[in-house]
Each structure stands twice: as C-alpha cells, then as structure tokens.
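Pasted below: my_file39.tsv, TSV, N, CA, C and O atoms.
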```tsv
chain	number	residue	atom	x	y	z
A	1	MET	N	98.81	110.55	102.53
A	1	MET	CA	98.00	109.72	101.68
A	1	MET	C	96.55	109.85	102.11
A	1	MET	O	96.26	110.24	103.22
A	2	LYS	N	95.67	109.51	101.18
A	2	LYS	CA	94.24	109.60	101.42
A	2	LYS	C	93.55	108.60	100.50
A	2	LYS	O	93.98	108.41	99.37
A	3	ARG	N	92.50	108.00	101.01
A	3	ARG	CA	91.78	107.07	100.14
A	3	ARG	C	90.94	107.85	99.15
A	3	ARG	O	90.53	108.98	99.39
A	4	LYS	N	90.71	107.20	98.02
A	4	LYS	CA	89.86	107.80	97.00
A	4	LYS	C	88.40	107.68	97.44
A	4	LYS	O	88.07	106.87	98.30
A	5	ASN	N	87.55	108.45	96.83
A	5	ASN	CA	86.12	108.40	97.15
A	5	ASN	C	85.38	107.41	96.26
A	5	ASN	O	84.24	107.62	95.91
A	6	ASN	N	86.05	106.31	95.92
A	6	ASN	CA	85.45	105.35	95.00
A	6	ASN	C	85.12	104.03	95.68
A	6	ASN	O	85.11	102.99	95.05
A	7	SER	N	84.87	104.08	97.00
A	7	SER	CA	84.58	102.84	97.72
A	7	SER	C	83.75	103.12	98.96
A	7	SER	O	83.64	104.26	99.41
A	8	ILE	N	83.17	102.05	99.49
A	8	ILE	CA	82.42	102.12	100.74
A	8	ILE	C	82.86	100.95	101.61
A	8	ILE	O	83.30	99.92	101.12
A	9	LEU	N	82.73	101.12	102.92
A	9	LEU	CA	83.06	100.09	103.88
A	9	LEU	C	81.76	99.52	104.43
A	9	LEU	O	80.89	100.27	104.86
A	10	LYS	N	81.63	98.21	104.41
A	10	LYS	CA	80.44	97.53	104.93
A	10	LYS	C	80.87	96.52	105.98
A	10	LYS	O	81.84	95.79	105.79
A	11	GLU	N	80.13	96.47	107.08
A	11	GLU	CA	80.38	95.49	108.13
A	11	GLU	C	79.28	94.45	108.11
A	11	GLU	O	78.11	94.78	108.12
A	12	ILE	N	79.69	93.19	108.09
A	12	ILE	CA	78.75	92.09	108.14
A	12	ILE	C	79.20	91.19	109.28
A	12	ILE	O	80.22	90.49	109.17
A	13	GLY	N	78.49	91.24	110.40
A	13	GLY	CA	78.92	90.52	111.59
A	13	GLY	C	80.21	91.13	112.09
A	13	GLY	O	80.29	92.32	112.33
A	14	ASN	N	81.23	90.31	112.22
A	14	ASN	CA	82.54	90.82	112.65
A	14	ASN	C	83.53	90.87	111.50
A	14	ASN	O	84.73	90.92	111.71
A	15	LYS	N	83.03	90.86	110.28
A	15	LYS	CA	83.87	90.95	109.10
A	15	LYS	C	83.56	92.24	108.35
A	15	LYS	O	82.47	92.77	108.45
A	16	PHE	N	84.54	92.70	107.61
A	16	PHE	CA	84.39	93.95	106.87
A	16	PHE	C	84.74	93.73	105.41
A	16	PHE	O	85.60	92.92	105.08
A	17	MET	N	84.07	94.49	104.55
A	17	MET	CA	84.37	94.48	103.12
A	17	MET	C	84.50	95.92	102.65
A	17	MET	O	83.68	96.76	103.01
A	18	ILE	N	85.52	96.17	101.88
A	18	ILE	CA	85.67	97.46	101.22
A	18	ILE	C	85.22	97.22	99.79
A	18	ILE	O	85.80	96.41	99.06
A	19	LEU	N	84.14	97.89	99.44
A	19	LEU	CA	83.52	97.67	98.14
A	19	LEU	C	83.83	98.84	97.21
A	19	LEU	O	83.32	99.94	97.40
A	20	PRO	N	84.67	98.60	96.21
A	20	PRO	CA	84.94	99.65	95.22
A	20	PRO	C	83.70	99.91	94.38
A	20	PRO	O	82.96	98.99	94.05
A	21	LEU	N	83.46	101.15	94.07
A	21	LEU	CA	82.31	101.53	93.26
A	21	LEU	C	82.76	101.95	91.88
A	21	LEU	O	83.78	102.60	91.72
A	22	SER	N	81.97	101.59	90.90
A	22	SER	CA	82.22	101.96	89.52
A	22	SER	C	80.90	102.35	88.90
A	22	SER	O	80.02	101.51	88.73
A	23	ASP	N	80.74	103.64	88.62
A	23	ASP	CA	79.49	104.15	88.06
A	23	ASP	C	78.29	103.71	88.89
A	23	ASP	O	77.29	103.23	88.36
A	24	HIS	N	78.43	103.82	90.21
A	24	HIS	CA	77.38	103.50	91.18
A	24	HIS	C	77.07	102.01	91.25
A	24	HIS	O	76.07	101.61	91.80
A	25	ASN	N	77.91	101.19	90.69
A	25	ASN	CA	77.79	99.74	90.80
A	25	ASN	C	78.98	99.21	91.58
A	25	ASN	O	80.05	99.80	91.55
A	26	ILE	N	78.79	98.11	92.24
A	26	ILE	CA	79.90	97.50	92.97
A	26	ILE	C	80.70	96.64	92.01
A	26	ILE	O	80.16	95.79	91.32
A	27	ALA	N	81.99	96.88	91.96
A	27	ALA	CA	82.89	96.08	91.12
A	27	ALA	C	83.29	94.83	91.92
A	27	ALA	O	84.22	94.87	92.73
A	28	ILE	N	82.58	93.75	91.73
A	28	ILE	CA	82.73	92.53	92.53
A	28	ILE	C	84.14	91.98	92.52
A	28	ILE	O	84.62	91.49	93.53
A	29	ASP	N	84.84	92.07	91.41
A	29	ASP	CA	86.16	91.45	91.30
A	29	ASP	C	87.24	92.16	92.09
A	29	ASP	O	88.35	91.64	92.22
A	30	VAL	N	86.94	93.31	92.66
A	30	VAL	CA	87.96	94.02	93.42
A	30	VAL	C	87.55	94.30	94.86
A	30	VAL	O	88.07	95.20	95.50
A	31	ILE	N	86.63	93.51	95.40
A	31	ILE	CA	86.25	93.65	96.80
A	31	ILE	C	87.46	93.31	97.66
A	31	ILE	O	88.17	92.34	97.41
A	32	LEU	N	87.68	94.11	98.68
A	32	LEU	CA	88.77	93.87	99.62
A	32	LEU	C	88.16	93.44	100.95
A	32	LEU	O	87.45	94.20	101.59
A	33	TYR	N	88.40	92.19	101.33
A	33	TYR	CA	87.92	91.67	102.60
A	33	TYR	C	88.94	91.99	103.67
A	33	TYR	O	90.14	91.87	103.44
A	34	THR	N	88.47	92.41	104.84
A	34	THR	CA	89.40	92.82	105.89
A	34	THR	C	88.81	92.56	107.26
A	34	THR	O	87.71	92.03	107.40
A	35	ASN	N	89.56	92.95	108.27
A	35	ASN	CA	89.14	92.78	109.65
A	35	ASN	C	88.95	94.15	110.30
A	35	ASN	O	88.98	95.18	109.63
A	36	GLU	N	88.81	94.16	111.62
A	36	GLU	CA	88.60	95.41	112.35
A	36	GLU	C	89.75	96.40	112.16
A	36	GLU	O	89.53	97.60	112.03
A	37	VAL	N	90.98	95.90	112.13
A	37	VAL	CA	92.13	96.78	111.95
A	37	VAL	C	92.12	97.39	110.55
A	37	VAL	O	92.38	98.58	110.39
A	38	GLY	N	91.81	96.59	109.55
A	38	GLY	CA	91.70	97.11	108.19
A	38	GLY	C	90.63	98.18	108.08
A	38	GLY	O	90.82	99.20	107.41
A	39	ALA	N	89.50	97.96	108.76
A	39	ALA	CA	88.43	98.96	108.77
A	39	ALA	C	88.91	100.24	109.46
A	39	ALA	O	88.60	101.35	109.02
A	40	PHE	N	89.68	100.09	110.53
A	40	PHE	CA	90.25	101.23	111.25
A	40	PHE	C	91.16	102.03	110.32
A	40	PHE	O	91.09	103.26	110.26
A	41	ILE	N	92.02	101.32	109.59
A	41	ILE	CA	92.93	101.99	108.65
A	41	ILE	C	92.12	102.72	107.58
A	41	ILE	O	92.36	103.88	107.28
A	42	TYR	N	91.15	102.02	106.99
A	42	TYR	CA	90.31	102.59	105.94
A	42	TYR	C	89.66	103.89	106.43
A	42	TYR	O	89.69	104.91	105.74
A	43	ASN	N	89.08	103.85	107.62
A	43	ASN	CA	88.40	105.04	108.16
A	43	ASN	C	89.38	106.18	108.42
A	43	ASN	O	89.03	107.34	108.23
A	44	ASN	N	90.59	105.85	108.83
A	44	ASN	CA	91.59	106.90	109.09
A	44	ASN	C	92.16	107.49	107.81
A	44	ASN	O	92.82	108.53	107.85
A	45	LEU	N	91.92	106.86	106.69
A	45	LEU	CA	92.39	107.37	105.40
A	45	LEU	C	91.38	108.33	104.76
A	45	LEU	O	91.58	108.78	103.64
A	46	GLU	N	90.32	108.64	105.48
A	46	GLU	CA	89.31	109.55	104.93
A	46	GLU	C	89.91	110.94	104.68
A	46	GLU	O	89.57	111.62	103.72
A	47	ASN	N	90.81	111.35	105.57
A	47	ASN	CA	91.50	112.63	105.42
A	47	ASN	C	92.98	112.37	105.20
A	47	ASN	O	93.49	111.30	105.55
A	48	GLU	N	93.66	113.34	104.66
A	48	GLU	CA	95.10	113.21	104.39
A	48	GLU	C	95.84	112.84	105.68
A	48	GLU	O	95.63	113.45	106.73
A	49	ILE	N	96.70	111.81	105.59
A	49	ILE	CA	97.46	111.33	106.74
A	49	ILE	C	98.75	110.69	106.23
A	49	ILE	O	98.76	110.10	105.15
A	50	THR	N	99.80	110.82	107.00
A	50	THR	CA	101.05	110.16	106.62
A	50	THR	C	101.03	108.72	107.13
A	50	THR	O	100.27	108.38	108.04
A	51	LYS	N	101.88	107.92	106.55
A	51	LYS	CA	101.99	106.53	106.99
A	51	LYS	C	102.44	106.48	108.45
A	51	LYS	O	101.96	105.64	109.23
A	52	GLU	N	103.33	107.38	108.84
A	52	GLU	CA	103.83	107.42	110.21
A	52	GLU	C	102.72	107.78	111.20
A	52	GLU	O	102.62	107.19	112.28
A	53	GLU	N	101.87	108.73	110.82
A	53	GLU	CA	100.73	109.09	111.67
A	53	GLU	C	99.75	107.94	111.79
A	53	GLU	O	99.22	107.67	112.88
A	54	LEU	N	99.52	107.27	110.69
A	54	LEU	CA	98.62	106.12	110.69
A	54	LEU	C	99.16	105.00	111.57
A	54	LEU	O	98.43	104.40	112.36
A	55	LEU	N	100.45	104.73	111.47
A	55	LEU	CA	101.08	103.71	112.30
A	55	LEU	C	100.94	104.07	113.77
A	55	LEU	O	100.61	103.21	114.60
A	56	ALA	N	101.15	105.33	114.12
A	56	ALA	CA	101.02	105.76	115.51
A	56	ALA	C	99.60	105.56	116.03
A	56	ALA	O	99.40	105.13	117.17
A	57	ARG	N	98.62	105.83	115.19
A	57	ARG	CA	97.22	105.62	115.59
A	57	ARG	C	96.92	104.14	115.82
A	57	ARG	O	96.20	103.79	116.76
A	58	ILE	N	97.47	103.29	114.96
A	58	ILE	CA	97.27	101.84	115.13
A	58	ILE	C	97.89	101.38	116.44
A	58	ILE	O	97.28	100.64	117.21
A	59	LEU	N	99.11	101.83	116.71
A	59	LEU	CA	99.81	101.42	117.93
A	59	LEU	C	99.08	101.94	119.17
A	59	LEU	O	99.09	101.28	120.22
A	60	ASN	N	98.44	103.09	119.07
A	60	ASN	CA	97.68	103.64	120.18
A	60	ASN	C	96.37	102.88	120.41
A	60	ASN	O	95.91	102.76	121.54
A	61	GLU	N	95.80	102.36	119.35
A	61	GLU	CA	94.48	101.72	119.42
A	61	GLU	C	94.55	100.22	119.72
A	61	GLU	O	93.66	99.67	120.37
A	62	TYR	N	95.60	99.55	119.26
A	62	TYR	CA	95.67	98.09	119.35
A	62	TYR	C	96.94	97.64	120.07
A	62	TYR	O	97.96	98.30	120.02
A	63	SER	N	96.85	96.50	120.70
A	63	SER	CA	98.02	95.89	121.37
A	63	SER	C	98.80	95.07	120.36
A	63	SER	O	98.51	93.89	120.15
A	64	VAL	N	99.77	95.70	119.74
A	64	VAL	CA	100.56	95.06	118.70
A	64	VAL	C	101.94	95.72	118.69
A	64	VAL	O	102.08	96.89	119.04
A	65	THR	N	102.95	94.94	118.31
A	65	THR	CA	104.29	95.52	118.22
A	65	THR	C	104.38	96.42	117.00
A	65	THR	O	103.63	96.25	116.03
A	66	GLU	N	105.31	97.35	117.03
A	66	GLU	CA	105.49	98.25	115.89
A	66	GLU	C	105.88	97.48	114.64
A	66	GLU	O	105.41	97.79	113.54
A	67	GLU	N	106.70	96.46	114.81
A	67	GLU	CA	107.15	95.66	113.66
A	67	GLU	C	105.98	94.97	112.97
A	67	GLU	O	105.85	95.02	111.74
A	68	VAL	N	105.11	94.35	113.75
A	68	VAL	CA	103.95	93.66	113.19
A	68	VAL	C	102.97	94.67	112.58
A	68	VAL	O	102.46	94.45	111.48
A	69	ALA	N	102.74	95.76	113.30
A	69	ALA	CA	101.81	96.77	112.80
A	69	ALA	C	102.28	97.36	111.48
A	69	ALA	O	101.49	97.53	110.55
A	70	LEU	N	103.58	97.64	111.37
A	70	LEU	CA	104.12	98.21	110.16
A	70	LEU	C	104.02	97.23	108.99
A	70	LEU	O	103.63	97.61	107.88
A	71	ALA	N	104.34	95.97	109.23
A	71	ALA	CA	104.25	94.96	108.17
A	71	ALA	C	102.80	94.81	107.69
A	71	ALA	O	102.53	94.76	106.48
A	72	ASP	N	101.86	94.76	108.64
A	72	ASP	CA	100.45	94.63	108.28
A	72	ASP	C	99.94	95.88	107.56
A	72	ASP	O	99.17	95.78	106.60
A	73	LEU	N	100.37	97.05	108.02
A	73	LEU	CA	99.97	98.30	107.39
A	73	LEU	C	100.48	98.36	105.95
A	73	LEU	O	99.74	98.70	105.03
A	74	ASP	N	101.74	98.01	105.75
A	74	ASP	CA	102.31	98.01	104.40
A	74	ASP	C	101.54	97.08	103.47
A	74	ASP	O	101.23	97.44	102.33
A	75	GLU	N	101.21	95.89	103.97
A	75	GLU	CA	100.47	94.92	103.15
A	75	GLU	C	99.07	95.45	102.82
A	75	GLU	O	98.61	95.36	101.68
A	76	PHE	N	98.40	96.02	103.80
A	76	PHE	CA	97.05	96.53	103.58
A	76	PHE	C	97.06	97.69	102.58
A	76	PHE	O	96.24	97.75	101.66
A	77	LEU	N	98.01	98.62	102.75
A	77	LEU	CA	98.10	99.76	101.82
A	77	LEU	C	98.43	99.30	100.41
A	77	LEU	O	97.89	99.85	99.44
A	78	LEU	N	99.28	98.30	100.28
A	78	LEU	CA	99.60	97.76	98.96
A	78	LEU	C	98.35	97.16	98.31
A	78	LEU	O	98.09	97.38	97.13
A	79	ASN	N	97.57	96.41	99.08
A	79	ASN	CA	96.33	95.83	98.56
A	79	ASN	C	95.35	96.92	98.14
A	79	ASN	O	94.70	96.81	97.11
A	80	MET	N	95.26	98.00	98.94
A	80	MET	CA	94.37	99.10	98.56
A	80	MET	C	94.87	99.76	97.28
A	80	MET	O	94.06	100.12	96.42
A	81	GLN	N	96.17	99.93	97.16
A	81	GLN	CA	96.73	100.54	95.96
A	81	GLN	C	96.46	99.67	94.73
A	81	GLN	O	96.05	100.19	93.68
A	82	LYS	N	96.65	98.37	94.85
A	82	LYS	CA	96.40	97.45	93.72
A	82	LYS	C	94.96	97.50	93.25
A	82	LYS	O	94.68	97.31	92.07
A	83	LYS	N	94.04	97.75	94.18
A	83	LYS	CA	92.62	97.78	93.84
A	83	LYS	C	92.15	99.18	93.47
A	83	LYS	O	90.97	99.42	93.26
A	84	GLY	N	93.10	100.12	93.41
A	84	GLY	CA	92.77	101.48	92.98
A	84	GLY	C	92.03	102.30	94.02
A	84	GLY	O	91.31	103.22	93.69
A	85	LEU	N	92.23	101.96	95.30
A	85	LEU	CA	91.53	102.66	96.37
A	85	LEU	C	92.32	103.82	96.96
A	85	LEU	O	91.77	104.68	97.63
A	86	ILE	N	93.65	103.81	96.76
A	86	ILE	CA	94.51	104.93	97.15
A	86	ILE	C	95.52	105.16	96.04
A	86	ILE	O	95.77	104.26	95.24
A	87	ASP	N	96.11	106.31	96.04
A	87	ASP	CA	97.18	106.59	95.09
A	87	ASP	C	98.50	106.10	95.65
A	87	ASP	O	98.64	105.95	96.86
A	88	ALA	N	99.45	105.89	94.77
A	88	ALA	CA	100.77	105.43	95.21
A	88	ALA	C	101.47	106.49	96.01
A	88	ALA	O	101.21	107.64	95.94
```
Render the structure in this file as structure tokens.
Amino acid sequence: MKRKNNSILKEIGNKFMILPLSDHNIAIDVILYTNEVGAFIYNNLENEITKEELLARILNEYSVTEEVALADLDEFLLNMQKKGLIDA
C-alpha cells in the first residue's frame, strides 16, 4: 500500500494534522487529526509498503504490544481510506 499524493502532514506543537488537498485547496471537512504514531505511519506510506512491514516498523520504533499496534494500525488505515488518502 502507498498513500496518495493528495495530502500534506503538518505538525502544530505536539499534534499532527493530515490535510487532504483538492485543487491546491485544503478540504477542511476531511482533515485527519493524529498523533506522533499516526505521523510515523503517514510518513512510512510515502513508498509502497505492506501492512506487515509497516507493523514491524511500528513495533521497532515504539514500546507497544503487537496486538495494540495492529488494532491501532488497522483503525488508522481505515480512517485514511475513508478520507481518500490511500487505496483499499
């Protein structure tokens, strides 16, 4: 999987926003608010990567169980898919 080139990641303090772009304008109704882990996932989706590879990178980077990481990853990817940021 790979993220589409229709968004940008912005950091404001310790919070992150993924801003979908539409004809060079920000589509306000589909902003995805996230944390450091979400930003990590977003950045790792710049190039083609499998879900398993992404999960391994998360487990290597953060102190979290595989079960929690997988559940959070699934939820984040679903939110990105709903907002048109990645393909199914």
### Task
May I have the residues at most 7 Å from (87.0, 103.1, 97.3) in the file's coordinates, counting all atoms listed in the file, as a ChimeraX atom specification?
/A:3-8,18-21,83-86
Which neighbours of region 65-76 of chain A fall inside 8 Å, counting all atoms listed in the file, when residues of the same chain fewer than 5 positions from it are skipped, and could you give them as a list in words? Gly38, Lys51, Leu54, Leu55, Ile58, Leu59, Gln81, Lys82 and Lys83 of chain A
Of A:Asn60, A:Lys2, A:Leu77, A:Phe16, the one sitting nearest Tyr33 (chain A) when using all atoms listed in the file is A:Phe16
Min atom-atom distance to Asn14 (chain A) from the set A:Asn35, A:Ala56, A:Val30, A:Met1, counting all atoms listed in the file, belongs to A:Asn35
| request: Quick one: pull the distance between CA of Glu46 (chain A) and CA of Tyr62 (chain A), Å, one decimal. | output: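 Separating CA of Glu46 (chain A) from CA of Tyr62 (chain A) is a distance of 19.5 Å.
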